[in-house]
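A.B. asks: I'd like to ask you about the structure that follows.
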Amino acid sequence: MTMIPLANAPTTGVVVLLIIISLIYGVTVQGRRNARLPPGPPTLPIIGNLHQLPRDKGYLQFAKWAKEYGQIYSLKIASRTMIVISSRRLVKEIMDKKNSISGFRPPAYAVNNLIYKGDFLLLMNPDDAKFRRERKLIHQFYMDSVCEKRHLPYIIAESAQLMVDILNDSDRWSDHSTRYTNSLIMSTIYGFRTPSTDTVHLHRVLDIAHDLSRVIMPGKLPPVDIFPFLNYLPERLFDNWRSKCRNVAKKSDKLYAEFLDHVIERREKLGSKDTFADKVLEQKGDDAFTRHEVMYLLSTVLDAGTDTTSGAFNTLVQMLTQNQHILKDAQEEMDQVVGENRTPCWEDFGKLQLVVDNYALPKGSSIIVNISGLHHDEKKFPNALEFDPKNYEGKDGLATAYSNAANYEDRDHYGYGFGRRLCPGIHFAERSLFITFSKLIWGFDIAPAKDDQGRPVPINTDWATGYSGGAILHPDHFQTCIKVRSEKKREILLRDFEEAKKLFSTLDAPPREN
C-alpha cells in the first residue's frame with residue numbers, strides 16, 4: 001500500500017476545526033456589542049439586534065430606545081454596527097463637522113444593483129467622484145440665485161393652478177397637491193409639465209414609486225447585505241425577490257428613457273431649453289455621463305421633488321384643519337401684510353412670521369439620525385406633540401442659514417438633512433413651500449368636515465397611527481372642508497391662473513407613452 005506523506009494528506013481535520021472555530025466565533029463574538037460602543041438593547045448571538053428592528057414606523061422604536069439608552073446608542077446587525085443619534089449637539093458634531101466620514105450609506109444590494117444598477121444618487125457615498133459631480137450639478141441648477149431668476153416664475157405659475165384646482169374641486173385637494181409638485185419639478189428637469197391629475201406620466205411615476213415601496217418593504221427582501229450567502233439560495237424561497245426587483249427596473253428604465261429621449265429629440269430640433277436635463281447632457285469629456293446615469297440622476301431629482309413637498313402640504317392642511325385658532329391668526333397676518341388685491345409672493349418672506357461622547361464609532365458604522373425624535377424632543381419643545389408655530393418663533397430666516405449655524409441650538413429643523421447630504425434643492429423647496437402655504441392660507445378657509453349630524457369628523461393625528469409611507473410620511477386619508485374666503489379672493493386666484501397660462505404655453509406638451 002502506498003503511503004501518503006503527511007504534508008499531502010487530506011485536510012479534513014483542519015477544515016472541521018476551522019468550521020468549529022467559525023461557529024464559536026459566530027456564537028460568542030458576532031452580534032455582540034463591543035465595550036467601547038454606545039449602549040443599546042441586549043443582543044443575541046450571531047444576529048445581534050436584527051430581530052428587534054421594526055418592520056414599520058421605525059421612528060417610534062428609535063424614540064423609545066433613545067429614552068432608555070440615551071441620545072446616542074448602538075444596534076448590532078450581525079457583524080455590522082448601527083449608531084442612532086437623537087441629539088442636536090451630536091448631529092452637529094458627527095453629521096456636520098465630521099461629514100466626510102459620517103455620510104456613508106450601508107450596502108443595499110437589491111435596490112442599488114438590481115433596480116438602479118449603481119446609479120442611484122441617494123445610495124452613493126461621499127468618496128465617490130460621481131456622487132460629488134451629481135450633487136454639484138444639482139446644487140448649481142437649484143442654487144439661490146438661479147431659483148430667483150429662473151425657477152420662481154414656474155413656482156408662482158404652478159401654485160396659481162393649484163389654488164384654482166382647489167377652488168374648483170376641493171374634495172381632491174390632495175391629488176391636486178401631488179400634481180402641483182410633480183408638474184413643477186418636471187418643468188425644471190425636462191421642460192414639460194403635468195397639466196392635470198389625469199396626465200398619464202404622473203400615474204406612471206406614482207405606480208413605479210408604489211411598486212418600489214412594495215418590493216423594498218421591510219421583510220420582503222432577504223437580508224443579503226448582512227448574510228451574503230442568501231444570495232445563492234433560490235429566489236423562490238423569498239417570494240421571487242430578484243424577479244420583482246428586475247420588474248421595477250424594467251418599468252423605470254422604460255419611463256425615464258422616454259423622458260430623456262423627448263429632451264434629446266427636442267435638442268436636435270430646437271436646441272437647449274436650459275432645463276436640468278439639458279445641463280446634464282451638456283457635460284463633456286471626463287464629466288460626461290452615460291445614458292443610464294443621466295436617466296437616474298434626473299429621476300432622483302424628480303422623485304425627491306414630488307413626494308417631499310406634497311407630503312409637507314398635506315400635513316399642513318391636516319394641522320390647519322385641526323387647529324382653527326392658528327389658521328385664524330395666520331389669516332389675520334396675511335390680510336394685514338398682503339391685503340385683498342393680490343396673492344402672497346416671495347417678497348413677502350420675512351414679513352409673515354407665522355408662515356414659516358467618549359464612544360467609539362467603528363469605521364463603516366451606519367449612522368442614523370432620529371429626526372422624528374429631534375422634532376419631538378420634549379426638552380426643547382414642551383408641547384412637542386402639538387402643532388404650535390410658536391415653537392419656531394424668531395426663526396424667520398431661510399433654512400439654509402440655520403443649517404449652517406455654528407450653534408446647534410440655532411438649527412430650526414432637520415427636514416432638509418445635514419452635512420454632505422443636505423438637500424441640494426433646499427432653495428427651490430423653500431420657495432415652493434412658502435408660496436403654496438401662503439396662498440392657501442390667504443385664499444381659503446380650512447375646517448373639519450361635518451358628519452350627517454353636523455358633528456366634526458375626527459382626524460387621527462397620532463404620530464404612531466395617523467401617518468404612513470416610506471422615508472417620507474404622509475397623513476392617512478382624512479376629511480376636511482376647504483372653501484374660498486371671499487368672492488374677491490376667488491377673482492384674484494382666477495386672474496393669477498390666467499396669467500400663469502402664458503408661461504405654461506412656453507413648455508412642451510407631455511410626451512406620449514411609447
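Please note that chains go A, B, ... in the order of the C-alpha cells, that every chain numbers its residues from 1, and that ligands are numbered from 1 in the order shown.
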Neighbouring residues of Lys130 in chain A were defined as those with any atom within 10 Å, considering only C-alpha atoms; residues of the same chain fewer than 6 positions away were excluded. Please report them as a ChimeraX atom specification.

C.D. replies: /A:119,121,124,136,287,289,293

A.B. asks: Just the selected residues (C-alpha atoms), exported as a short mmCIF file (atom, residue, chain, number, x, y, z; two decimals), in the first residue's frame, please.

C.D. replies:
data_model
loop_
_atom_site.label_atom_id
_atom_site.label_comp_id
_atom_site.auth_asym_id
_atom_site.auth_seq_id
_atom_site.Cartn_x
_atom_site.Cartn_y
_atom_site.Cartn_z
CA ASP A 119 -26.70 54.87 -10.48
CA LEU A 121 -27.50 59.13 -6.07
CA MET A 124 -23.78 56.70 -3.32
CA LYS A 136 -22.57 69.71 -7.73
CA ASP A 287 -17.57 64.98 -16.76
CA PHE A 289 -22.43 60.75 -18.03
CA GLU A 293 -26.54 57.66 -15.36
#

A.B. asks: Please identify all polymer residues within 9 Å of range 460-472 of chain A, counting only C-alpha atoms, omitting same-chain residues fewer than 3 positions from it, and present them as an NGL selection string.

C.D. replies: :A and (56-57 or 60 or 213 or 217 or 307-308 or 311 or 318-319 or 322 or 385 or 475-478)

A.B. asks: Quick one: everything within 12 Å of Arg490 in chain A, counting only C-alpha atoms, minus sequence neighbours fewer than 2 positions away in the same chain. Send it as a compact mmCIF listing (two decimals) with C-alpha atoms, in the first residue's frame.

C.D. replies:
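Full text of selection_34.txt as output:
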# COMPACT_ATOMS: atom_id res chain seq x y z
CA ALA A 160 -51.69 79.57 -9.22
CA MET A 163 -55.17 77.25 -5.95
CA VAL A 164 -57.69 77.21 -8.82
CA ASP A 165 -57.79 73.41 -8.81
CA ILE A 166 -58.64 73.50 -5.10
CA LEU A 167 -61.13 76.29 -5.77
CA ASN A 168 -62.97 74.18 -8.36
CA GLU A 340 -57.15 91.78 -0.78
CA ASN A 341 -55.86 92.76 -4.21
CA ARG A 342 -53.06 90.24 -4.73
CA THR A 343 -51.87 86.83 -3.58
CA LYS A 439 -51.53 81.33 -0.96
CA LEU A 440 -53.54 78.55 0.64
CA TRP A 442 -54.54 83.73 2.18
CA GLY A 443 -57.25 82.35 -0.08
CA PHE A 444 -59.08 79.60 1.78
CA LYS A 483 -63.74 76.98 0.85
CA VAL A 484 -62.59 80.24 -0.72
CA ARG A 485 -62.67 83.08 1.80
CA SER A 486 -64.38 85.65 -0.41
CA GLU A 487 -65.52 86.33 -3.96
CA LYS A 488 -62.81 88.96 -4.24
CA ILE A 492 -57.69 87.23 -7.75
CA LEU A 493 -56.91 83.49 -7.82
CA LEU A 494 -58.55 83.11 -11.24
CA ARG A 495 -56.69 86.17 -12.51
CA ASP A 496 -53.37 84.69 -11.37
CA PHE A 497 -54.14 81.45 -13.18

A.B. asks: Give me the residues near range 272-276 of chain A as a list in words, where near means some atom within 9 Å (using only C-alpha atoms) and where sequence neighbours in that chain fewer than 4 positions away do not count.

C.D. replies: Leu137, Ile138, Phe141, Ser187, Thr188, Ile189, Tyr190, Gly191, Val263, Arg266, Arg267, Glu268, Val280, Leu281 and Leu298 of chain A

A.B. asks: Need the shell around Ser196 in chain A: protein/DNA/RNA residues with any atom at most 9 Å away, counting only C-alpha atoms. Skip same-chain ones fewer than 4 positions apart. Format as a ChimeraX atom specification?

C.D. replies: /A:176,179-180,183,202

A.B. asks: Atoms to include: C-alpha atoms. Write the selected residues as a JSON list (two decimals), in the first residue's frame.

C.D. replies:
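Contents of the output file part11.json:
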[["chain", "number", "residue", "atom", "x", "y", "z"],
["A", 176, "HIS", "CA", -54.00, 68.44, -6.81],
["A", 179, "ARG", "CA", -49.98, 67.20, -9.47],
["A", 180, "TYR", "CA", -48.51, 70.54, -8.44],
["A", 183, "SER", "CA", -45.53, 69.37, -12.59],
["A", 202, "LEU", "CA", -47.94, 61.30, -13.43]]

A.B. asks: Write out as a short mmCIF file (atom, residue, chain, number, x, y, z; two decimals) with N, CA and C atoms, in the first residue's frame the set of residues from range 233-454 of chain A that DSSP, computed on the backbone, places in helix (DSSP H, G or I).

C.D. replies:
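Generated output (result_39.cif):
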data_model
loop_
_atom_site.label_atom_id
_atom_site.label_comp_id
_atom_site.auth_asym_id
_atom_site.auth_seq_id
_atom_site.Cartn_x
_atom_site.Cartn_y
_atom_site.Cartn_z
N GLU A 235 -34.39 32.11 -5.48
CA GLU A 235 -35.19 33.28 -5.12
C GLU A 235 -36.61 32.93 -4.73
N ARG A 236 -37.10 31.77 -5.17
CA ARG A 236 -38.47 31.38 -4.81
C ARG A 236 -38.64 31.21 -3.30
N LEU A 237 -37.54 31.01 -2.60
CA LEU A 237 -37.61 30.89 -1.14
C LEU A 237 -37.96 32.23 -0.49
N PHE A 238 -37.76 33.31 -1.24
CA PHE A 238 -38.02 34.66 -0.72
C PHE A 238 -38.95 35.43 -1.66
N TRP A 241 -37.82 37.51 -5.09
CA TRP A 241 -37.42 38.89 -4.87
C TRP A 241 -36.59 39.48 -6.00
N ARG A 242 -35.73 38.67 -6.61
CA ARG A 242 -34.92 39.18 -7.71
C ARG A 242 -35.80 39.57 -8.90
N SER A 243 -36.73 38.72 -9.26
CA SER A 243 -37.61 38.99 -10.40
C SER A 243 -38.44 40.25 -10.16
N LYS A 244 -38.91 40.43 -8.93
CA LYS A 244 -39.71 41.62 -8.63
C LYS A 244 -38.87 42.89 -8.73
N CYS A 245 -37.63 42.82 -8.27
CA CYS A 245 -36.74 43.97 -8.40
C CYS A 245 -36.48 44.30 -9.87
N ARG A 246 -36.25 43.27 -10.67
CA ARG A 246 -35.97 43.49 -12.09
C ARG A 246 -37.20 44.03 -12.81
N ASN A 247 -38.40 43.64 -12.39
CA ASN A 247 -39.62 44.18 -13.00
C ASN A 247 -39.75 45.67 -12.72
N VAL A 248 -39.42 46.08 -11.50
CA VAL A 248 -39.44 47.51 -11.18
C VAL A 248 -38.41 48.24 -12.04
N ALA A 249 -37.23 47.65 -12.18
CA ALA A 249 -36.18 48.26 -13.00
C ALA A 249 -36.62 48.41 -14.46
N LYS A 250 -37.31 47.39 -14.96
CA LYS A 250 -37.77 47.43 -16.36
C LYS A 250 -38.75 48.57 -16.58
N LYS A 251 -39.73 48.72 -15.67
CA LYS A 251 -40.70 49.81 -15.79
C LYS A 251 -40.02 51.16 -15.65
N SER A 252 -39.09 51.26 -14.72
CA SER A 252 -38.38 52.53 -14.51
C SER A 252 -37.54 52.89 -15.74
N ASP A 253 -36.80 51.93 -16.24
CA ASP A 253 -35.96 52.19 -17.42
C ASP A 253 -36.80 52.69 -18.59
N LYS A 254 -37.95 52.08 -18.80
CA LYS A 254 -38.80 52.46 -19.93
C LYS A 254 -39.30 53.90 -19.79
N LEU A 255 -39.81 54.24 -18.61
CA LEU A 255 -40.36 55.58 -18.42
C LEU A 255 -39.29 56.65 -18.51
N TYR A 256 -38.19 56.47 -17.80
CA TYR A 256 -37.18 57.52 -17.76
C TYR A 256 -36.39 57.61 -19.07
N ALA A 257 -36.36 56.52 -19.83
CA ALA A 257 -35.77 56.58 -21.17
C ALA A 257 -36.65 57.42 -22.09
N GLU A 258 -37.97 57.28 -21.96
CA GLU A 258 -38.89 58.08 -22.78
C GLU A 258 -38.74 59.57 -22.45
N PHE A 259 -38.65 59.89 -21.17
CA PHE A 259 -38.46 61.29 -20.78
C PHE A 259 -37.17 61.84 -21.38
N LEU A 260 -36.09 61.07 -21.28
CA LEU A 260 -34.80 61.53 -21.78
C LEU A 260 -34.82 61.66 -23.29
N ASP A 261 -35.42 60.70 -23.98
CA ASP A 261 -35.48 60.75 -25.45
C ASP A 261 -36.24 61.98 -25.92
N HIS A 262 -37.28 62.36 -25.18
CA HIS A 262 -38.03 63.57 -25.53
C HIS A 262 -37.10 64.79 -25.51
N VAL A 263 -36.27 64.88 -24.49
CA VAL A 263 -35.35 66.02 -24.38
C VAL A 263 -34.30 65.97 -25.49
N ILE A 264 -33.77 64.79 -25.76
CA ILE A 264 -32.74 64.65 -26.80
C ILE A 264 -33.30 65.05 -28.17
N GLU A 265 -34.51 64.59 -28.48
CA GLU A 265 -35.14 64.93 -29.77
C GLU A 265 -35.40 66.43 -29.86
N ARG A 266 -35.83 67.04 -28.77
CA ARG A 266 -36.07 68.48 -28.77
C ARG A 266 -34.78 69.25 -28.97
N ARG A 267 -33.71 68.80 -28.35
CA ARG A 267 -32.41 69.46 -28.51
C ARG A 267 -31.94 69.41 -29.96
N GLU A 268 -32.19 68.27 -30.62
CA GLU A 268 -31.78 68.13 -32.01
C GLU A 268 -32.55 69.08 -32.92
N LYS A 269 -33.80 69.36 -32.57
CA LYS A 269 -34.65 70.21 -33.41
C LYS A 269 -34.55 71.69 -33.04
N LEU A 270 -34.55 71.97 -31.72
CA LEU A 270 -34.70 73.35 -31.26
C LEU A 270 -33.54 73.86 -30.41
N PHE A 276 -32.75 71.18 -16.48
CA PHE A 276 -31.71 70.42 -15.80
C PHE A 276 -31.20 69.30 -16.69
N ALA A 277 -32.09 68.68 -17.45
CA ALA A 277 -31.67 67.62 -18.38
C ALA A 277 -30.69 68.17 -19.41
N ASP A 278 -30.96 69.37 -19.92
CA ASP A 278 -30.03 70.00 -20.86
C ASP A 278 -28.66 70.18 -20.23
N LYS A 279 -28.65 70.65 -19.00
CA LYS A 279 -27.37 70.89 -18.31
C LYS A 279 -26.58 69.60 -18.16
N VAL A 280 -27.26 68.52 -17.79
CA VAL A 280 -26.58 67.24 -17.60
C VAL A 280 -26.05 66.72 -18.93
N LEU A 281 -26.85 66.83 -19.98
CA LEU A 281 -26.44 66.34 -21.29
C LEU A 281 -25.29 67.14 -21.88
N GLY A 285 -16.40 65.32 -21.94
CA GLY A 285 -15.14 64.72 -21.51
C GLY A 285 -15.30 63.86 -20.28
N ASP A 286 -14.41 64.07 -19.32
CA ASP A 286 -14.44 63.27 -18.10
C ASP A 286 -15.69 63.52 -17.27
N ASP A 287 -16.37 64.64 -17.52
CA ASP A 287 -17.57 64.98 -16.76
C ASP A 287 -18.84 64.42 -17.40
N ARG A 291 -25.78 57.14 -20.62
CA ARG A 291 -27.23 57.30 -20.77
C ARG A 291 -27.96 56.87 -19.50
N HIS A 292 -27.58 55.73 -18.95
CA HIS A 292 -28.24 55.22 -17.75
C HIS A 292 -28.02 56.16 -16.56
N GLU A 293 -26.82 56.71 -16.44
CA GLU A 293 -26.54 57.66 -15.36
C GLU A 293 -27.41 58.91 -15.49
N VAL A 294 -27.56 59.40 -16.71
CA VAL A 294 -28.41 60.58 -16.93
C VAL A 294 -29.85 60.28 -16.54
N MET A 295 -30.37 59.14 -16.99
CA MET A 295 -31.76 58.77 -16.69
C MET A 295 -32.03 58.81 -15.20
N TYR A 296 -31.11 58.25 -14.42
CA TYR A 296 -31.39 58.10 -12.99
C TYR A 296 -30.92 59.28 -12.14
N LEU A 297 -30.05 60.11 -12.67
CA LEU A 297 -29.79 61.38 -11.99
C LEU A 297 -31.04 62.25 -12.09
N LEU A 298 -31.63 62.31 -13.27
CA LEU A 298 -32.85 63.10 -13.46
C LEU A 298 -34.00 62.54 -12.63
N SER A 299 -34.11 61.22 -12.59
CA SER A 299 -35.22 60.61 -11.85
C SER A 299 -35.06 60.82 -10.34
N THR A 300 -33.83 60.88 -9.86
CA THR A 300 -33.60 61.14 -8.43
C THR A 300 -34.16 62.50 -8.05
N VAL A 301 -33.88 63.51 -8.87
CA VAL A 301 -34.40 64.85 -8.61
C VAL A 301 -35.93 64.85 -8.72
N LEU A 302 -36.45 64.13 -9.70
CA LEU A 302 -37.90 64.05 -9.88
C LEU A 302 -38.57 63.44 -8.66
N ASP A 303 -38.06 62.30 -8.21
CA ASP A 303 -38.67 61.62 -7.06
C ASP A 303 -38.59 62.49 -5.81
N ALA A 304 -37.44 63.11 -5.59
CA ALA A 304 -37.26 63.93 -4.40
C ALA A 304 -38.19 65.14 -4.42
N GLY A 305 -38.38 65.72 -5.59
CA GLY A 305 -39.20 66.92 -5.70
C GLY A 305 -40.69 66.66 -5.69
N THR A 306 -41.11 65.43 -5.95
CA THR A 306 -42.54 65.12 -6.00
C THR A 306 -43.09 64.77 -4.63
N ASP A 307 -42.44 63.86 -3.94
CA ASP A 307 -43.01 63.28 -2.72
C ASP A 307 -42.88 64.19 -1.50
N THR A 308 -41.74 64.83 -1.36
CA THR A 308 -41.48 65.58 -0.13
C THR A 308 -42.39 66.79 0.02
N THR A 309 -42.52 67.59 -1.04
CA THR A 309 -43.30 68.81 -0.95
C THR A 309 -44.78 68.52 -0.78
N SER A 310 -45.30 67.52 -1.50
CA SER A 310 -46.71 67.18 -1.35
C SER A 310 -46.99 66.65 0.05
N GLY A 311 -46.04 65.90 0.63
CA GLY A 311 -46.21 65.42 2.00
C GLY A 311 -46.31 66.57 2.98
N ALA A 312 -45.46 67.58 2.81
CA ALA A 312 -45.50 68.75 3.70
C ALA A 312 -46.80 69.52 3.53
N PHE A 313 -47.26 69.68 2.28
CA PHE A 313 -48.50 70.41 2.01
C PHE A 313 -49.69 69.68 2.65
N ASN A 314 -49.75 68.37 2.48
CA ASN A 314 -50.86 67.60 3.03
C ASN A 314 -50.88 67.66 4.55
N THR A 315 -49.71 67.64 5.16
CA THR A 315 -49.64 67.72 6.62
C THR A 315 -50.08 69.09 7.10
N LEU A 316 -49.73 70.15 6.36
CA LEU A 316 -50.18 71.48 6.74
C LEU A 316 -51.70 71.57 6.73
N VAL A 317 -52.33 71.05 5.67
CA VAL A 317 -53.79 71.08 5.60
C VAL A 317 -54.39 70.34 6.80
N GLN A 318 -53.81 69.20 7.13
CA GLN A 318 -54.31 68.44 8.27
C GLN A 318 -54.20 69.24 9.56
N MET A 319 -53.04 69.87 9.78
CA MET A 319 -52.82 70.61 11.02
C MET A 319 -53.70 71.85 11.11
N LEU A 320 -53.90 72.53 9.99
CA LEU A 320 -54.77 73.71 10.00
C LEU A 320 -56.22 73.33 10.20
N THR A 321 -56.61 72.18 9.67
CA THR A 321 -57.97 71.69 9.90
C THR A 321 -58.22 71.46 11.39
N GLN A 322 -57.21 70.94 12.07
CA GLN A 322 -57.33 70.61 13.49
C GLN A 322 -57.11 71.81 14.41
N GLN A 324 -57.90 75.51 14.30
CA GLN A 324 -58.54 76.67 13.70
C GLN A 324 -57.99 77.98 14.23
N HIS A 325 -57.59 78.03 15.50
CA HIS A 325 -57.08 79.27 16.07
C HIS A 325 -55.77 79.70 15.41
N ILE A 326 -54.95 78.72 15.04
CA ILE A 326 -53.69 79.04 14.36
C ILE A 326 -53.97 79.54 12.94
N LEU A 327 -54.92 78.89 12.27
CA LEU A 327 -55.30 79.33 10.92
C LEU A 327 -55.80 80.77 10.95
N LYS A 328 -56.66 81.10 11.92
CA LYS A 328 -57.22 82.44 12.00
C LYS A 328 -56.13 83.48 12.26
N ASP A 329 -55.18 83.15 13.14
CA ASP A 329 -54.07 84.08 13.39
C ASP A 329 -53.26 84.32 12.12
N ALA A 330 -53.00 83.24 11.39
CA ALA A 330 -52.22 83.35 10.15
C ALA A 330 -52.97 84.16 9.10
N GLN A 331 -54.29 83.96 9.02
CA GLN A 331 -55.08 84.70 8.04
C GLN A 331 -55.12 86.19 8.37
N GLU A 332 -55.19 86.51 9.65
CA GLU A 332 -55.18 87.93 10.04
C GLU A 332 -53.88 88.59 9.61
N GLU A 333 -52.77 87.87 9.81
CA GLU A 333 -51.48 88.42 9.40
C GLU A 333 -51.40 88.55 7.88
N MET A 334 -51.93 87.55 7.16
CA MET A 334 -51.96 87.62 5.70
C MET A 334 -52.72 88.85 5.23
N ASP A 335 -53.88 89.09 5.83
CA ASP A 335 -54.72 90.20 5.41
C ASP A 335 -54.03 91.54 5.67
N GLN A 336 -53.27 91.63 6.76
CA GLN A 336 -52.59 92.88 7.08
C GLN A 336 -51.41 93.13 6.14
N VAL A 337 -50.64 92.09 5.85
CA VAL A 337 -49.42 92.25 5.05
C VAL A 337 -49.71 92.26 3.55
N TRP A 346 -43.05 85.86 -3.10
CA TRP A 346 -41.80 85.56 -2.40
C TRP A 346 -41.26 86.77 -1.66
N GLU A 347 -41.54 87.97 -2.16
CA GLU A 347 -41.06 89.18 -1.49
C GLU A 347 -41.69 89.35 -0.10
N ASP A 348 -42.78 88.63 0.16
CA ASP A 348 -43.42 88.71 1.48
C ASP A 348 -42.68 87.88 2.52
N ILE A 371 -34.52 61.77 13.29
CA ILE A 371 -35.07 63.09 13.01
C ILE A 371 -36.41 63.29 13.71
N SER A 372 -37.25 62.28 13.66
CA SER A 372 -38.55 62.40 14.32
C SER A 372 -38.38 62.67 15.81
N GLY A 373 -37.41 61.99 16.42
CA GLY A 373 -37.15 62.21 17.84
C GLY A 373 -36.66 63.62 18.12
N LEU A 374 -35.81 64.17 17.23
CA LEU A 374 -35.34 65.54 17.39
C LEU A 374 -36.48 66.53 17.31
N HIS A 375 -37.39 66.30 16.38
CA HIS A 375 -38.52 67.21 16.20
C HIS A 375 -39.56 67.07 17.31
N PRO A 389 -46.83 76.80 15.94
CA PRO A 389 -45.81 77.59 15.25
C PRO A 389 -44.94 78.42 16.20
N LYS A 390 -45.42 78.69 17.42
CA LYS A 390 -44.63 79.48 18.36
C LYS A 390 -43.35 78.77 18.78
N ASN A 391 -43.30 77.46 18.55
CA ASN A 391 -42.05 76.74 18.84
C ASN A 391 -40.89 77.26 17.99
N TYR A 392 -41.24 77.90 16.87
CA TYR A 392 -40.20 78.39 15.95
C TYR A 392 -40.22 79.91 15.88
N ALA A 399 -34.02 78.29 5.70
CA ALA A 399 -33.48 77.09 6.35
C ALA A 399 -31.99 76.93 6.09
N THR A 400 -31.50 77.44 4.96
CA THR A 400 -30.07 77.32 4.66
C THR A 400 -29.22 78.01 5.72
N ALA A 401 -29.69 79.16 6.20
CA ALA A 401 -28.93 79.89 7.21
C ALA A 401 -28.84 79.10 8.51
N TYR A 402 -29.94 78.49 8.91
CA TYR A 402 -29.95 77.74 10.17
C TYR A 402 -29.20 76.42 10.03
N SER A 403 -29.20 75.84 8.84
CA SER A 403 -28.49 74.57 8.66
C SER A 403 -26.99 74.74 8.82
N TYR A 408 -25.51 74.60 17.46
CA TYR A 408 -26.51 73.58 17.09
C TYR A 408 -27.89 73.91 17.61
N GLU A 409 -28.00 74.71 18.68
CA GLU A 409 -29.31 75.06 19.22
C GLU A 409 -30.05 76.02 18.30
N ASP A 410 -29.32 76.65 17.37
CA ASP A 410 -29.96 77.59 16.44
C ASP A 410 -30.61 76.89 15.25
N GLY A 419 -25.04 67.94 6.86
CA GLY A 419 -23.72 67.57 6.35
C GLY A 419 -23.65 67.52 4.83
N ARG A 420 -22.94 66.52 4.34
CA ARG A 420 -22.76 66.39 2.89
C ARG A 420 -24.03 65.93 2.19
N ARG A 421 -25.02 65.54 2.98
CA ARG A 421 -26.27 65.09 2.38
C ARG A 421 -27.39 66.11 2.58
N ILE A 426 -32.66 72.69 -1.59
CA ILE A 426 -33.25 73.37 -0.46
C ILE A 426 -33.81 74.75 -0.83
N HIS A 427 -33.11 75.50 -1.69
CA HIS A 427 -33.58 76.84 -2.07
C HIS A 427 -34.87 76.74 -2.87
N PHE A 428 -34.93 75.76 -3.75
CA PHE A 428 -36.13 75.54 -4.58
C PHE A 428 -37.31 75.16 -3.70
N ALA A 429 -37.08 74.22 -2.79
CA ALA A 429 -38.16 73.74 -1.92
C ALA A 429 -38.67 74.84 -1.00
N GLU A 430 -37.78 75.66 -0.47
CA GLU A 430 -38.19 76.74 0.43
C GLU A 430 -39.17 77.68 -0.27
N ARG A 431 -38.87 78.04 -1.50
CA ARG A 431 -39.74 78.95 -2.23
C ARG A 431 -41.08 78.30 -2.56
N SER A 432 -41.02 77.04 -2.98
CA SER A 432 -42.24 76.32 -3.32
C SER A 432 -43.17 76.21 -2.11
N LEU A 433 -42.62 75.82 -0.97
CA LEU A 433 -43.44 75.65 0.23
C LEU A 433 -43.99 76.98 0.72
N PHE A 434 -43.16 78.01 0.73
CA PHE A 434 -43.62 79.30 1.23
C PHE A 434 -44.77 79.84 0.38
N ILE A 435 -44.60 79.79 -0.93
CA ILE A 435 -45.62 80.38 -1.80
C ILE A 435 -46.92 79.59 -1.74
N THR A 436 -46.84 78.26 -1.78
CA THR A 436 -48.09 77.47 -1.75
C THR A 436 -48.77 77.57 -0.39
N PHE A 437 -48.00 77.50 0.69
CA PHE A 437 -48.59 77.62 2.03
C PHE A 437 -49.27 78.98 2.19
N SER A 438 -48.57 80.04 1.76
CA SER A 438 -49.09 81.39 1.93
C SER A 438 -50.35 81.61 1.12
N LYS A 439 -50.34 81.16 -0.12
CA LYS A 439 -51.53 81.33 -0.96
C LYS A 439 -52.72 80.55 -0.40
N LEU A 440 -52.46 79.35 0.08
CA LEU A 440 -53.54 78.55 0.64
C LEU A 440 -54.17 79.26 1.84
N ILE A 441 -53.35 79.74 2.75
CA ILE A 441 -53.87 80.42 3.95
C ILE A 441 -54.54 81.73 3.58
N TRP A 442 -53.96 82.46 2.62
CA TRP A 442 -54.54 83.73 2.18
C TRP A 442 -55.91 83.52 1.55
N GLY A 443 -56.06 82.47 0.75
CA GLY A 443 -57.25 82.35 -0.08
C GLY A 443 -58.37 81.49 0.45
#

A.B. asks: Report the distance between CA of Tyr232 in chain A and CA of Pro107 in chain A in Å, rounded to one decimal place.

C.D. replies: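 Between CA of Tyr232 in chain A and CA of Pro107 in chain A the gap is 17.4 Å.
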
A.B. asks: Which residue out of A:Asp412, A:Asp128, A:Asp225, A:Asp377 has the minimum interatomic distance to Leu398 in chain A when only C-alpha atoms are used?

C.D. replies: A:Asp412
